[in-house]
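A short worksheet on the structure shown next.
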Amino acid sequence: MGSQALLAVAALAFAFPGLASAQPGGAEREARLNQLFSQMSVDTGVRVITPQLFIDRGAFRSITPQAVRIEYGGEVLPVELGDIRSVEVEGRHPIQGMLWGLGSGLLVGSVGGMLIGSFYCTDPFDCESDERKGAYIGGAALGAAGAIGGFVIGKYQISWRPIFP
């Protein structure tokens, strides 16, 4: 008898797929999205995912009770609140990015410079002072260049912070 009941439930799910696929709490989701977008300032960078659409680097424009308007690719698209599966906002952390860039550029540049500078030194114990001096100078020069490059690149780093679901 149990297998017949299970078969009947499965048949109903296939016969009426709208009932089985409806997500509970649709009104609550829309209310939460409406609140999130209402608190957002115009031109905030957003990343929105729906079943039919992926907006990678859009800009928030406005909100209506049923849809949000996002500029993407030069045009403003209305996105239904009920279709939205995830939302991320753009964040910039210039100081953190500059420090990470400075540190990683310094590390990579100095190790690379020391490797290049010590290219002719085949045995570490028999290296002459000129070869050691070349390794130190190469490490310092490429370390400084890497630190400056990482500092500048890190300043413009973009991070995405999920706010929904």
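In the structure tokens, the first chain shown is A, the next is B, and so on; residue numbers restart at 1 for each chain, and ligands run from 1 in the order shown.
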
Quick one: everything within 9 Å of A:Ala59, counting only C-alpha atoms, minus sequence neighbours fewer than 2 positions away in the same chain. Send it as number ranges by chain. A: 42-47, 57, 61, 69-72, 76

Might you pull out every residue within 8 Å of A:Arg92, with only C-alpha atoms counted and same-chain residues fewer than 4 positions away left off, and present them as a VMD selection string? chain A and resid 156 to 159

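The protein and nucleic acid residues lying at most 10 Å from stretch 34-36 of chain A are Glu28, Ile63, Thr64, Pro65, Gln66, Ala67, Val68, Leu81, Val87, Ile163 and Phe164 of chain A, with only C-alpha atoms considered and sequence neighbours fewer than 6 positions away removed.
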
Test item, alpha helix (DSSP H) assignment across stretch 50-121 of chain A, answer as a CSV table (one decimal) with all heavy atoms, in the first residue's frame:
```csv
chain,number,residue,atom,x,y,z
A,94,PRO,N,40.6,49.8,-0.9
A,94,PRO,CA,41.9,50.3,-1.5
A,94,PRO,C,43.1,50.1,-0.6
A,94,PRO,O,44.1,49.6,-1.0
A,94,PRO,CB,41.7,51.7,-1.9
A,94,PRO,CG,40.5,52.2,-1.1
A,94,PRO,CD,39.7,50.9,-0.8
A,95,ILE,N,42.9,50.3,0.7
A,95,ILE,CA,44.0,50.2,1.6
A,95,ILE,C,44.4,48.7,1.8
A,95,ILE,O,45.6,48.3,1.7
A,95,ILE,CB,43.7,50.8,3.0
A,95,ILE,CG1,43.6,52.3,2.8
A,95,ILE,CG2,44.8,50.5,4.0
A,95,ILE,CD1,43.1,53.1,4.0
A,96,GLN,N,43.4,47.8,1.9
A,96,GLN,CA,43.7,46.4,2.0
A,96,GLN,C,44.3,45.9,0.7
A,96,GLN,O,45.3,45.1,0.8
A,96,GLN,CB,42.4,45.6,2.3
A,96,GLN,CG,42.7,44.2,2.5
A,96,GLN,CD,41.3,43.4,2.8
A,96,GLN,OE1,40.3,44.0,2.7
A,96,GLN,NE2,41.4,42.2,3.1
A,97,GLY,N,43.8,46.3,-0.4
A,97,GLY,CA,44.3,45.9,-1.7
A,97,GLY,C,45.8,46.4,-1.9
A,97,GLY,O,46.6,45.7,-2.4
A,98,MET,N,46.0,47.6,-1.5
A,98,MET,CA,47.4,48.2,-1.7
A,98,MET,C,48.4,47.4,-0.8
A,98,MET,O,49.5,47.1,-1.2
A,98,MET,CB,47.4,49.7,-1.3
A,98,MET,CG,46.7,50.5,-2.4
A,98,MET,SD,46.8,52.3,-2.1
A,98,MET,CE,45.9,52.5,-0.6
A,99,LEU,N,48.0,47.1,0.4
A,99,LEU,CA,48.9,46.4,1.3
A,99,LEU,C,49.2,45.0,0.8
A,99,LEU,O,50.3,44.5,0.9
A,99,LEU,CB,48.3,46.3,2.8
A,99,LEU,CG,48.3,47.7,3.5
A,99,LEU,CD1,47.6,47.5,4.8
A,99,LEU,CD2,49.7,48.2,3.6
A,100,TRP,N,48.1,44.3,0.4
A,100,TRP,CA,48.3,42.9,-0.2
A,100,TRP,C,49.2,43.0,-1.5
A,100,TRP,O,50.1,42.2,-1.7
A,100,TRP,CB,47.0,42.3,-0.6
A,100,TRP,CG,46.4,41.5,0.6
A,100,TRP,CD1,45.3,42.0,1.4
A,100,TRP,CD2,46.8,40.3,1.1
A,100,TRP,NE1,45.1,41.1,2.3
A,100,TRP,CE2,45.9,40.0,2.2
A,100,TRP,CE3,47.8,39.4,0.8
A,100,TRP,CZ2,46.0,38.9,3.0
A,100,TRP,CZ3,47.9,38.2,1.6
A,100,TRP,CH2,47.0,38.0,2.7
A,101,GLY,N,48.9,44.0,-2.3
A,101,GLY,CA,49.7,44.2,-3.5
A,101,GLY,C,51.2,44.5,-3.2
A,101,GLY,O,52.1,44.0,-3.8
A,102,LEU,N,51.4,45.4,-2.2
A,102,LEU,CA,52.7,45.7,-1.8
A,102,LEU,C,53.5,44.5,-1.3
A,102,LEU,O,54.6,44.3,-1.7
A,102,LEU,CB,52.6,46.8,-0.7
A,102,LEU,CG,54.0,47.3,-0.1
A,102,LEU,CD1,54.7,48.2,-1.1
A,102,LEU,CD2,53.7,48.0,1.2
A,103,GLY,N,52.9,43.7,-0.4
A,103,GLY,CA,53.5,42.6,0.1
A,103,GLY,C,53.8,41.5,-0.9
A,103,GLY,O,55.0,41.0,-1.0
A,104,SER,N,52.9,41.2,-1.7
A,104,SER,CA,53.1,40.1,-2.7
A,104,SER,C,54.1,40.6,-3.8
A,104,SER,O,54.9,39.8,-4.2
A,104,SER,CB,51.8,39.7,-3.3
A,104,SER,OG,51.1,40.7,-3.9
A,105,GLY,N,54.0,41.9,-4.2
A,105,GLY,CA,54.9,42.4,-5.2
A,105,GLY,C,56.3,42.4,-4.7
A,105,GLY,O,57.3,42.0,-5.3
A,106,LEU,N,56.5,42.8,-3.4
A,106,LEU,CA,57.8,42.8,-2.8
A,106,LEU,C,58.4,41.4,-2.7
A,106,LEU,O,59.5,41.1,-3.0
A,106,LEU,CB,57.7,43.4,-1.4
A,106,LEU,CG,59.0,43.6,-0.6
A,106,LEU,CD1,59.9,44.5,-1.3
A,106,LEU,CD2,58.7,44.1,0.8
A,107,LEU,N,57.6,40.4,-2.3
A,107,LEU,CA,58.0,39.0,-2.1
A,107,LEU,C,58.4,38.4,-3.5
A,107,LEU,O,59.5,37.9,-3.7
A,107,LEU,CB,56.9,38.2,-1.5
A,107,LEU,CG,57.2,36.7,-1.3
A,107,LEU,CD1,58.4,36.5,-0.3
A,107,LEU,CD2,56.0,35.9,-0.9
A,108,VAL,N,57.5,38.5,-4.5
A,108,VAL,CA,57.8,37.9,-5.8
A,108,VAL,C,59.0,38.7,-6.5
A,108,VAL,O,59.8,38.0,-7.0
A,108,VAL,CB,56.5,38.0,-6.7
A,108,VAL,CG1,56.8,37.6,-8.1
A,108,VAL,CG2,55.5,37.1,-6.1
A,109,GLY,N,59.0,40.0,-6.4
A,109,GLY,CA,60.1,40.7,-7.0
A,109,GLY,C,61.4,40.5,-6.4
A,109,GLY,O,62.4,40.3,-7.1
A,110,SER,N,61.5,40.4,-5.1
A,110,SER,CA,62.8,40.2,-4.4
A,110,SER,C,63.3,38.8,-4.7
A,110,SER,O,64.5,38.6,-4.9
A,110,SER,CB,62.7,40.5,-2.9
A,110,SER,OG,61.8,39.7,-2.3
A,111,VAL,N,62.4,37.8,-4.6
A,111,VAL,CA,62.9,36.4,-4.9
A,111,VAL,C,63.3,36.3,-6.3
A,111,VAL,O,64.4,35.7,-6.7
A,111,VAL,CB,61.8,35.4,-4.5
A,111,VAL,CG1,62.1,34.0,-5.1
A,111,VAL,CG2,61.5,35.3,-3.1
A,112,GLY,N,62.5,36.8,-7.3
A,112,GLY,CA,62.9,36.8,-8.7
A,112,GLY,C,64.2,37.5,-8.9
A,112,GLY,O,65.1,37.1,-9.7
A,113,GLY,N,64.4,38.7,-8.3
A,113,GLY,CA,65.6,39.5,-8.5
A,113,GLY,C,66.8,38.7,-8.0
A,113,GLY,O,67.9,38.8,-8.6
A,114,MET,N,66.7,38.1,-6.8
A,114,MET,CA,67.8,37.3,-6.3
A,114,MET,C,68.1,36.1,-7.1
A,114,MET,O,69.3,35.8,-7.3
A,114,MET,CB,67.5,36.9,-4.8
A,114,MET,CG,67.5,38.1,-3.9
A,114,MET,SD,67.5,37.6,-2.2
A,114,MET,CE,69.1,37.0,-2.0
A,115,LEU,N,67.1,35.5,-7.7
A,115,LEU,CA,67.4,34.4,-8.6
A,115,LEU,C,68.1,34.8,-9.9
A,115,LEU,O,69.1,34.2,-10.3
A,115,LEU,CB,66.1,33.6,-9.0
A,115,LEU,CG,65.4,32.8,-7.9
A,115,LEU,CD1,64.1,32.3,-8.3
A,115,LEU,CD2,66.3,31.7,-7.5
A,116,ILE,N,67.7,35.9,-10.4
A,116,ILE,CA,68.3,36.4,-11.6
A,116,ILE,C,69.7,36.9,-11.3
A,116,ILE,O,70.7,36.7,-12.0
A,116,ILE,CB,67.4,37.5,-12.3
A,116,ILE,CG1,66.2,36.9,-12.8
A,116,ILE,CG2,68.2,38.3,-13.4
A,116,ILE,CD1,65.1,37.9,-13.3
A,117,GLY,N,69.8,37.7,-10.2
A,117,GLY,CA,71.1,38.2,-9.8
A,117,GLY,C,72.2,37.2,-9.5
A,117,GLY,O,73.4,37.4,-9.7
```

At what distance in Å, to one decimal, does atom CA of A:Arg85 lie from atom CA of A:Ile49? 5.6 Å

What gap, in Å, lies between atom CA of A:His93 and atom CA of A:Trp160?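 According to the coordinates, atom CA of A:His93 and atom CA of A:Trp160 are separated by 10.6 Å.
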
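You will find atom CA of A:Gly26 at 21.4 Å from atom CA of A:Ile55.
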
Given only C-alpha atoms as the counted atoms, nearest of A:Ala31, A:Ala144, A:Val152, A:Val79 to A:Val48: A:Val79

Just asking: which residues within stretch 5-114 of chain A are strand (DSSP E or B) according to DSSP, as an MDAnalysis selection string? chainID A and resid 45:49 54:63 67:72 75:80 86:92

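Taking only C-alpha atoms into account, A:Ala27 lies nearest to A:Asp83 out of the set A:Glu90, A:Glu128, A:Glu75, A:Asp83.
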